[in-house]
$ cat model_11.cif   # mmCIF, C-alpha atoms
data_structure
#
loop_
_atom_site.label_atom_id
_atom_site.label_comp_id
_atom_site.auth_asym_id
_atom_site.auth_seq_id
_atom_site.Cartn_x
_atom_site.Cartn_y
_atom_site.Cartn_z
CA MET A 143 -9.94 9.59 -11.74
CA GLU A 144 -9.50 6.93 -14.40
CA TYR A 145 -10.20 3.24 -13.79
CA VAL A 146 -8.88 0.15 -15.56
CA ASN A 147 -9.04 -3.60 -15.13
CA LEU A 148 -6.22 -5.11 -13.11
CA GLY A 149 -4.63 -7.19 -15.86
CA LYS A 150 -6.99 -9.87 -17.12
CA SER A 151 -8.96 -9.92 -13.86
CA ASP A 152 -12.38 -8.41 -13.23
CA LEU A 153 -11.02 -6.04 -10.58
CA LYS A 154 -11.59 -2.43 -11.64
CA VAL A 155 -8.91 -0.22 -10.05
CA SER A 156 -8.05 3.47 -9.99
CA ARG A 157 -4.94 4.49 -11.93
CA ILE A 158 -3.37 5.44 -8.60
CA CYS A 159 -3.05 2.86 -5.84
CA MET A 160 -2.61 4.29 -2.35
CA GLY A 161 0.38 2.66 -0.68
CA CYS A 162 -0.19 2.20 3.05
CA MET A 163 3.35 1.42 4.21
CA GLY A 164 3.47 4.90 5.75
CA PHE A 165 0.52 4.11 8.06
CA GLY A 166 1.02 2.38 11.38
CA ASN A 167 2.43 2.54 14.87
CA ALA A 168 5.98 3.88 14.57
CA ALA A 169 6.83 2.54 18.03
CA THR A 170 6.24 -1.12 17.15
CA GLY A 171 7.18 -1.53 13.51
CA GLN A 172 10.10 -1.38 11.13
CA HIS A 173 9.87 2.33 10.26
CA GLY A 174 10.12 5.38 12.49
CA TRP A 175 8.62 7.83 10.00
CA THR A 176 5.07 6.44 9.74
CA VAL A 177 1.95 8.41 10.68
CA ASP A 178 -0.59 7.69 13.41
CA GLU A 179 -4.13 6.38 13.07
CA GLU A 180 -5.93 9.71 12.91
CA THR A 181 -3.57 11.07 10.25
CA SER A 182 -3.85 7.81 8.30
CA LYS A 183 -7.63 8.03 8.46
CA SER A 184 -7.68 11.57 7.06
CA ILE A 185 -5.36 10.60 4.20
CA ILE A 186 -7.45 7.54 3.30
CA LYS A 187 -10.62 9.68 3.43
CA LYS A 188 -9.07 12.19 1.03
CA GLY A 189 -8.08 9.38 -1.31
CA LEU A 190 -11.61 8.02 -1.33
CA ASP A 191 -13.03 11.50 -1.93
CA LEU A 192 -10.71 11.93 -4.93
CA GLY A 193 -11.65 8.61 -6.47
CA ILE A 194 -8.87 6.27 -5.33
CA ASN A 195 -10.43 2.84 -4.82
CA PHE A 196 -7.22 0.73 -4.71
CA TYR A 197 -5.34 0.38 -1.39
CA ASP A 198 -2.18 -1.66 -0.82
CA THR A 199 -0.88 -2.80 2.57
CA ALA A 200 0.98 -5.81 4.02
CA ILE A 201 1.15 -7.83 7.18
CA ALA A 202 4.79 -6.75 7.51
CA TYR A 203 3.99 -3.03 7.62
CA GLN A 204 4.39 -1.78 11.16
CA ALA A 205 3.66 -5.10 12.85
CA GLY A 206 0.20 -5.36 11.32
CA THR A 207 -0.95 -1.90 12.39
CA SER A 208 -1.01 -0.61 8.80
CA GLU A 209 -3.64 -3.25 8.04
CA GLN A 210 -5.55 -2.30 11.18
CA TYR A 211 -5.59 1.43 10.38
CA LEU A 212 -6.68 0.80 6.79
CA GLY A 213 -9.43 -1.61 7.80
CA LYS A 214 -10.92 0.77 10.34
CA ALA A 215 -10.94 3.66 7.87
CA ILE A 216 -12.57 1.59 5.13
CA ARG A 217 -15.32 0.41 7.47
CA GLU A 218 -16.01 4.00 8.52
CA PHE A 219 -15.98 5.72 5.15
CA VAL A 220 -17.06 3.39 2.35
CA LYS A 221 -18.88 0.19 1.49
CA ARG A 222 -16.56 -2.79 1.31
CA ASP A 223 -17.47 -3.70 -2.28
CA GLU A 224 -16.59 -0.20 -3.50
CA VAL A 225 -12.85 -0.62 -2.87
CA VAL A 226 -10.08 -2.99 -3.91
CA ILE A 227 -7.93 -4.02 -0.97
CA ALA A 228 -4.55 -5.67 -1.44
CA THR A 229 -2.32 -7.12 1.23
CA LYS A 230 0.74 -9.38 1.21
CA PHE A 231 2.25 -12.37 2.96
CA LEU A 232 5.92 -12.85 3.75
CA PRO A 233 7.98 -15.96 3.02
CA ARG A 234 8.33 -18.53 5.77
CA SER A 235 10.72 -17.57 8.56
CA GLN A 236 13.70 -19.72 9.50
CA ASP A 237 11.83 -20.69 12.68
CA GLU A 238 8.82 -21.91 10.66
CA ILE A 239 11.09 -23.88 8.36
CA ALA A 240 12.73 -25.54 11.37
CA GLN A 241 9.29 -26.40 12.76
CA GLY A 242 8.25 -28.05 9.50
CA ILE A 243 5.45 -25.57 8.76
CA SER A 244 4.66 -25.80 5.05
CA GLY A 245 4.32 -22.87 2.71
CA LYS A 246 0.60 -23.57 2.37
CA GLU A 247 0.11 -23.64 6.14
CA HIS A 248 2.13 -20.45 6.55
CA LEU A 249 0.16 -18.64 3.85
CA LEU A 250 -3.26 -19.59 5.20
CA SER A 251 -2.26 -18.59 8.74
CA SER A 252 -0.89 -15.25 7.49
CA LEU A 253 -4.08 -14.62 5.53
CA ASP A 254 -6.27 -15.21 8.57
CA SER A 255 -4.10 -12.81 10.58
CA SER A 256 -4.37 -10.15 7.88
CA LEU A 257 -8.15 -10.55 7.65
CA SER A 258 -8.35 -10.16 11.42
CA HIS A 259 -6.23 -7.00 11.31
CA LEU A 260 -8.32 -5.57 8.48
CA GLY A 261 -11.63 -6.63 10.01
CA MET A 262 -12.68 -8.09 6.66
CA ASP A 263 -13.94 -11.42 5.36
CA TYR A 264 -11.86 -11.28 2.18
CA VAL A 265 -9.18 -9.35 0.34
CA ASP A 266 -9.46 -8.52 -3.33
CA LEU A 267 -5.79 -9.10 -4.12
CA TYR A 268 -3.45 -11.31 -2.08
CA ILE A 269 0.21 -10.75 -2.92
CA TYR A 270 3.23 -13.02 -2.50
CA HIS A 271 5.52 -10.35 -1.03
CA MET A 272 8.92 -11.67 -2.13
CA TRP A 273 10.33 -14.82 -3.69
CA ASP A 274 11.00 -17.58 -1.17
CA TRP A 275 13.93 -19.77 -2.22
CA ASN A 276 13.23 -22.15 0.67
CA THR A 277 9.68 -23.04 -0.38
CA PRO A 278 8.43 -24.62 -3.62
CA VAL A 279 6.11 -22.13 -5.29
CA GLU A 280 3.57 -24.95 -5.65
CA GLU A 281 2.97 -24.82 -1.88
CA TYR A 282 2.04 -21.14 -2.03
CA LEU A 283 -0.04 -21.58 -5.18
CA SER A 284 -1.94 -24.43 -3.55
CA GLY A 285 -2.61 -22.28 -0.49
CA MET A 286 -3.82 -19.38 -2.58
CA ALA A 287 -6.07 -21.69 -4.59
CA GLU A 288 -7.64 -22.87 -1.35
CA ALA A 289 -8.09 -19.29 -0.18
CA VAL A 290 -9.78 -18.31 -3.46
CA LYS A 291 -12.08 -21.34 -3.28
CA ALA A 292 -13.01 -20.40 0.30
CA GLY A 293 -13.93 -16.85 -0.79
CA LYS A 294 -11.18 -15.23 1.29
CA VAL A 295 -9.24 -14.00 -1.77
CA ARG A 296 -10.52 -12.80 -5.16
CA GLN A 297 -7.28 -12.55 -7.17
CA ILE A 298 -3.58 -13.15 -6.53
CA GLY A 299 -0.49 -11.09 -7.26
CA ILE A 300 3.25 -11.32 -6.77
CA SER A 301 5.96 -8.84 -5.78
CA ASN A 302 9.75 -8.66 -5.93
CA CYS A 303 10.35 -11.32 -8.54
CA PHE A 304 12.10 -11.76 -11.88
CA ALA A 305 10.21 -12.32 -15.10
CA TRP A 306 11.35 -15.96 -15.28
CA GLN A 307 9.99 -16.57 -11.77
CA LEU A 308 6.60 -15.10 -12.65
CA ALA A 309 6.50 -17.07 -15.91
CA GLU A 310 7.41 -20.32 -14.15
CA ALA A 311 4.88 -19.77 -11.36
CA ASN A 312 2.03 -19.06 -13.75
CA ALA A 313 2.94 -22.07 -15.88
CA ILE A 314 2.82 -24.28 -12.78
CA ALA A 315 -0.49 -22.72 -11.75
CA LYS A 316 -2.01 -23.34 -15.18
CA GLU A 317 -0.79 -26.94 -15.21
CA ASN A 318 -2.35 -27.64 -11.81
CA GLY A 319 -5.58 -25.69 -12.26
CA PHE A 320 -4.56 -23.07 -9.69
CA PRO A 321 -5.30 -19.32 -10.03
CA GLU A 322 -2.57 -17.42 -11.88
CA PHE A 323 -0.92 -14.19 -10.79
CA VAL A 324 -2.73 -11.24 -12.40
CA SER A 325 -0.38 -8.49 -11.18
CA VAL A 326 3.25 -7.90 -10.27
CA GLN A 327 4.50 -5.26 -7.84
CA ASN A 328 8.19 -4.58 -8.44
CA HIS A 329 10.65 -1.74 -7.94
CA TYR A 330 10.13 0.63 -10.89
CA ASN A 331 10.42 4.41 -11.30
CA LEU A 332 12.30 7.01 -13.33
CA ILE A 333 15.60 6.22 -11.60
CA MET A 334 15.12 2.43 -11.42
CA ARG A 335 14.00 1.17 -14.82
CA GLU A 336 15.60 -2.29 -14.86
CA ASP A 337 12.19 -3.98 -15.14
CA GLU A 338 11.97 -2.63 -18.68
CA ARG A 339 14.52 -5.26 -19.77
CA GLU A 340 12.25 -8.29 -19.30
CA MET A 341 9.44 -7.91 -16.78
CA LYS A 342 7.53 -5.13 -18.53
CA VAL A 343 7.82 -6.90 -21.89
CA TYR A 344 6.53 -10.16 -20.45
CA ALA A 345 3.75 -8.55 -18.39
CA ASP A 346 2.50 -6.50 -21.34
CA GLU A 347 2.49 -9.58 -23.57
CA ARG A 348 0.49 -11.64 -21.03
CA ASN A 349 -1.79 -8.82 -19.81
CA ILE A 350 -0.40 -8.93 -16.29
CA ALA A 351 -0.83 -5.63 -14.47
CA LEU A 352 2.22 -3.69 -13.35
CA THR A 353 1.63 -1.99 -9.98
CA PRO A 354 5.13 -0.85 -9.01
CA TYR A 355 6.21 0.30 -5.58
CA SER A 356 8.67 3.11 -4.81
CA ALA A 357 7.02 5.11 -7.58
CA LEU A 358 8.70 8.29 -6.32
CA ALA A 359 11.93 6.63 -5.12
CA ALA A 360 11.02 7.25 -1.47
CA GLY A 361 10.61 10.97 -2.20
CA ARG A 362 13.71 11.51 -4.31
CA LEU A 363 11.64 12.13 -7.44
CA SER A 364 9.46 14.69 -5.67
CA LYS A 365 12.10 16.85 -3.97
CA ARG A 366 14.35 19.55 -5.34
CA PRO A 367 18.02 19.69 -4.31
CA GLY A 368 18.19 20.79 -0.68
CA GLU A 369 14.58 19.87 0.11
CA THR A 370 14.02 17.12 2.62
CA SER A 371 11.37 15.21 4.53
CA LYS A 372 11.11 13.03 7.62
CA ARG A 373 11.22 9.93 5.44
CA LEU A 374 14.26 11.07 3.49
CA GLU A 375 16.06 11.61 6.78
CA LEU A 376 14.92 8.48 8.62
CA ASP A 377 14.31 5.77 6.02
CA SER A 378 17.55 3.82 6.22
CA TYR A 379 16.28 1.10 3.90
CA ALA A 380 15.55 3.66 1.16
CA LYS A 381 19.06 5.04 1.62
CA PHE A 382 20.35 1.50 1.14
CA LYS A 383 18.41 1.34 -2.13
CA TYR A 384 19.31 4.74 -3.58
CA ASP A 385 22.36 6.38 -2.02
CA ALA A 386 24.84 4.42 -4.16
CA SER A 387 23.35 5.86 -7.37
CA THR A 388 22.86 9.47 -6.25
CA GLU A 389 25.29 10.91 -8.79
CA LYS A 390 23.89 9.12 -11.83
CA ASP A 391 20.31 9.87 -10.75
CA ALA A 392 20.90 13.62 -10.36
CA LYS A 393 20.52 14.39 -14.08
CA VAL A 394 17.20 12.58 -14.28
CA ILE A 395 15.88 14.37 -11.21
CA ALA A 396 17.03 17.71 -12.62
CA ARG A 397 15.07 16.98 -15.81
CA VAL A 398 11.95 16.30 -13.69
CA CYS A 399 12.46 19.73 -12.09
CA GLU A 400 12.74 21.42 -15.49
CA ILE A 401 9.54 19.92 -16.85
CA ALA A 402 7.69 20.60 -13.59
CA ASP A 403 8.70 24.26 -13.80
CA THR A 404 7.72 24.51 -17.46
CA ARG A 405 4.33 22.91 -16.81
CA ASN A 406 3.82 24.75 -13.49
CA VAL A 407 3.11 21.46 -11.70
CA SER A 408 4.84 19.50 -8.95
CA MET A 409 7.72 17.09 -9.47
CA THR A 410 5.46 14.39 -8.08
CA GLU A 411 2.97 14.95 -10.88
CA VAL A 412 5.65 14.77 -13.57
CA SER A 413 7.31 11.64 -12.14
CA LEU A 414 4.00 9.81 -11.78
CA ALA A 415 2.66 11.00 -15.14
CA TRP A 416 5.71 9.39 -16.76
CA LEU A 417 5.18 6.13 -14.84
CA LEU A 418 1.50 6.10 -15.77
CA THR A 419 2.53 5.82 -19.43
CA LYS A 420 4.21 2.50 -18.56
CA VAL A 421 2.11 0.74 -15.91
CA THR A 422 -1.43 -0.01 -14.76
CA SER A 423 -1.50 1.58 -11.32
CA PRO A 424 1.60 2.70 -9.41
CA VAL A 425 1.60 2.31 -5.63
CA VAL A 426 1.95 5.83 -4.27
CA GLY A 427 2.65 6.27 -0.57
CA ALA A 428 1.19 9.21 1.31
CA THR A 429 1.86 10.68 4.74
CA LYS A 430 0.23 14.05 3.99
CA ILE A 431 -2.98 15.16 2.28
CA SER A 432 -0.92 17.02 -0.31
CA HIS A 433 0.73 13.73 -1.34
CA VAL A 434 -2.68 12.32 -2.24
CA GLU A 435 -3.68 15.41 -4.19
CA SER A 436 -0.47 15.42 -6.24
CA GLY A 437 -0.85 11.72 -6.98
CA VAL A 438 -4.38 12.17 -8.26
CA ASN A 439 -3.41 15.25 -10.29
CA ALA A 440 -0.79 13.16 -12.10
CA VAL A 441 -3.53 11.10 -13.76
CA ASP A 442 -4.70 14.18 -15.67
CA LEU A 443 -1.19 15.32 -16.63
CA LYS A 444 -0.48 14.03 -20.13
CA LEU A 445 3.17 14.30 -21.14
CA SER A 446 4.22 14.85 -24.74
CA ASP A 447 6.44 12.37 -26.55
CA GLU A 448 9.23 14.96 -26.36
CA GLU A 449 8.84 15.30 -22.59
CA ILE A 450 8.88 11.52 -22.12
CA LYS A 451 12.03 11.27 -24.23
CA ALA A 452 13.66 14.05 -22.20
CA LEU A 453 12.84 12.35 -18.91
CA GLU A 454 14.36 9.09 -20.14
CA GLU A 455 17.43 10.58 -21.80
CA TYR A 456 19.89 10.43 -18.91
CA TYR A 457 19.01 7.07 -17.39
CA GLU A 458 21.98 4.76 -16.81
CA PRO A 459 21.84 1.05 -15.97
CA HIS A 460 21.52 0.34 -12.25
CA VAL A 461 22.48 -2.63 -10.16
CA LEU A 462 19.46 -4.12 -8.40
CA SER A 463 18.92 -2.82 -4.89
CA GLY A 464 16.63 -3.42 -1.94
CA VAL A 465 14.59 -6.61 -1.85
CA MET A 466 15.39 -7.45 -5.47
CA ALA A 467 19.11 -7.48 -4.66
CA GLN A 468 18.28 -10.21 -2.15
CA ASN A 469 16.33 -12.31 -4.67
CA THR A 470 19.11 -14.87 -5.01
CA PRO A 471 19.61 -18.49 -3.93
CA ALA A 472 21.83 -17.11 -1.14
CA SER A 473 18.69 -15.94 0.63
CA ARG A 474 18.06 -19.56 1.59
CA THR A 475 20.35 -19.01 4.55
CA THR A 476 20.01 -15.25 5.03
CA GLU A 477 16.70 -14.08 6.44
CA GLN A 478 15.13 -11.30 4.38
CA VAL A 479 15.25 -7.86 5.98
CA TRP A 480 11.46 -7.59 5.86
CA ILE A 481 11.14 -10.82 7.82
CA LYS A 482 13.91 -9.96 10.24
CA ASN A 483 12.59 -6.46 10.97
CA GLY A 484 8.94 -6.81 10.03
CA LYS A 485 7.62 -9.23 12.64
CA TYR A 486 3.87 -9.13 12.93
CA ALA A 487 1.35 -9.96 15.61
CA LYS A 488 -0.89 -12.98 14.94
#

$ encode --input "model_11.cif" --output "structure tokens"
Amino acid sequence: MEYVNLGKSDLKVSRICMGCMGFGNAATGQHGWTVDEETSKSIIKKGLDLGINFYDTAIAYQAGTSEQYLGKAIREFVKRDEVVIATKFLPRSQDEIAQGISGKEHLLSSLDSSLSHLGMDYVDLYIYHMWDWNTPVEEYLSGMAEAVKAGKVRQIGISNCFAWQLAEANAIAKENGFPEFVSVQNHYNLIMREDEREMKVYADERNIALTPYSALAAGRLSKRPGETSKRLELDSYAKFKYDASTEKDAKVIARVCEIADTRNVSMTEVSLAWLLTKVTSPVVGATKISHVESGVNAVDLKLSDEEIKALEEYYEPHVLSGVMAQNTPASRTTEQVWIKNGKYAK
């Protein structure tokens, strides 16, 4: 495994971040394809054994049970200071707005809930899950500053934002003496490369780490035509993100297959090896041991310039989908799907 600093922070992270959205109680959360606690534990153990020290979860994942499963496994298998744990907070709900709960109050309450779920005193990286058009970013920055000062958070990150939003937020933070965002977790993979227009340029210039989610496009970049999985069949939100571009994505996926066959490796390894040439540490979900092994193998797979060019050749511009499609002022009156369907227990 290779390790790098997370942007300009002192957090040393593995080149693969284990995404924990697939862990949690399927009966109580947003997704029906997640794995149970024992399976989650075995996957986390394999990740630790293979050198993964970076784990990403969120309070929204399966009503807080993803955080619970991760926390229990970490306490059982490794010393707390040997891993980097990231979790996220959601924007304020419409109910909280109506009650007059501020962004700062909401954030600090969410953080305490996450720490309780995890069974930890602090998180290494606390991530603003998606842009909240109803709340001045200063309120969240102030709350995160208080959390850092209290020792509950080491560094802060942001997810699902545009480059201008990240730039504005960090400028406000700098002006007020608040911590700045050191990482951004956006939607980025071989068939969704829109962040290359502005976000990647800005992040590279400012040494802000890119830790993208959906690194394998919910399995589409790891499956050959005709192959399927429980997630591919049941993940309706992923279908919402990708089904509209199936035809234009097919050529890119076919090229992944070709290179995988030539190299005698998995499609997962090829897709992630390409992404590793662009970002700090992609968030790679796992619901099987083999998913972890392929993710780790990708770190050692070095693609040639010709292979990278071939993988990029057929990409066509995409309209934004998923959470980023909802990152508009209209979301002031439309509750985000993650908030609507991702309720969590306090």

$ closest_residue --input "model_11.cif" --among "A:Gln241, A:Asn276, A:Asn318, A:Thr207" --to "Ala472 (chain A)" --atoms "all atoms listed in the file"
A:Asn276

$ closest_residue --input "model_11.cif" --among "A:Thr410, A:Lys430, A:Ser151, A:Glu340" --to "Glu322 (chain A)" --atoms "only C-alpha atoms"
A:Ser151

$ closest_residue --input "model_11.cif" --among "A:Asp337, A:Thr170, A:Tyr270, A:Pro278" --to "Val324 (chain A)" --atoms "all atoms listed in the file"
A:Tyr270

$ residues_around --input "model_11.cif" --residues "region 450-454 of chain A" --least-positions-apart "4" --cutoff "7 Å" --atoms "only C-alpha atoms" --output "number ranges by chain"
A: 394, 397-398, 416, 445-446

$ write_last_selection --input "model_11.cif" --atoms "C-alpha atoms" --output "CSV table (one decimal), in the coordinates of the input"
chain,number,residue,atom,x,y,z
A,394,VAL,CA,17.2,12.6,-14.3
A,397,ARG,CA,15.1,17.0,-15.8
A,398,VAL,CA,12.0,16.3,-13.7
A,416,TRP,CA,5.7,9.4,-16.8
A,445,LEU,CA,3.2,14.3,-21.1
A,446,SER,CA,4.2,14.8,-24.7

$ closest_residue --input "model_11.cif" --among "A:Ala386, A:Ala392, A:Gly361, A:Tyr197" --to "Ser413 (chain A)" --atoms "only C-alpha atoms"
A:Gly361

$ closest_atom_pairs --input "model_11.cif" --of "region 429-480 of chain A" --to "region 299-308 of chain A" --cutoff "9 Å" --atoms "only C-alpha atoms" --output "Markdown table"
| residue | atom | partner | partner_atom | distance |
| --- | --- | --- | --- | --- |
| A:Val465 | CA | A:Asn302 | CA | 6.7 |
| A:Met466 | CA | A:Asn302 | CA | 5.8 |
| A:Asn469 | CA | A:Cys303 | CA | 7.2 |

$ residues_around --input "model_11.cif" --residues "Ile201 (chain A)" --least-positions-apart "3" --cutoff "7 Å" --atoms "only C-alpha atoms" --output "PyMOL selection string"
chain A and resi 205-206+209+229-231+256+486

$ write_last_selection --input "model_11.cif" --atoms "C-alpha atoms" --output "short mmCIF file (atom, residue, chain, number, x, y, z; two decimals), in the coordinates of the input"
data_model
loop_
_atom_site.label_atom_id
_atom_site.label_comp_id
_atom_site.auth_asym_id
_atom_site.auth_seq_id
_atom_site.Cartn_x
_atom_site.Cartn_y
_atom_site.Cartn_z
CA ALA A 205 3.66 -5.10 12.85
CA GLY A 206 0.20 -5.36 11.32
CA GLU A 209 -3.64 -3.25 8.04
CA THR A 229 -2.32 -7.12 1.23
CA LYS A 230 0.74 -9.38 1.21
CA PHE A 231 2.25 -12.37 2.96
CA SER A 256 -4.37 -10.15 7.88
CA TYR A 486 3.87 -9.13 12.93
#

$ residues_near_point --input "model_11.cif" --point "(6.9, -5.0, -8.1)" --cutoff "7 Å" --atoms "all atoms listed in the file" --output "PyMOL selection string"
chain A and resi 301-302+326-329+353-355

$ atom_distance --input "model_11.cif" --atom1 "CA of Ile216 (chain A)" --atom2 "CA of Tyr282 (chain A)"
28.0 Å
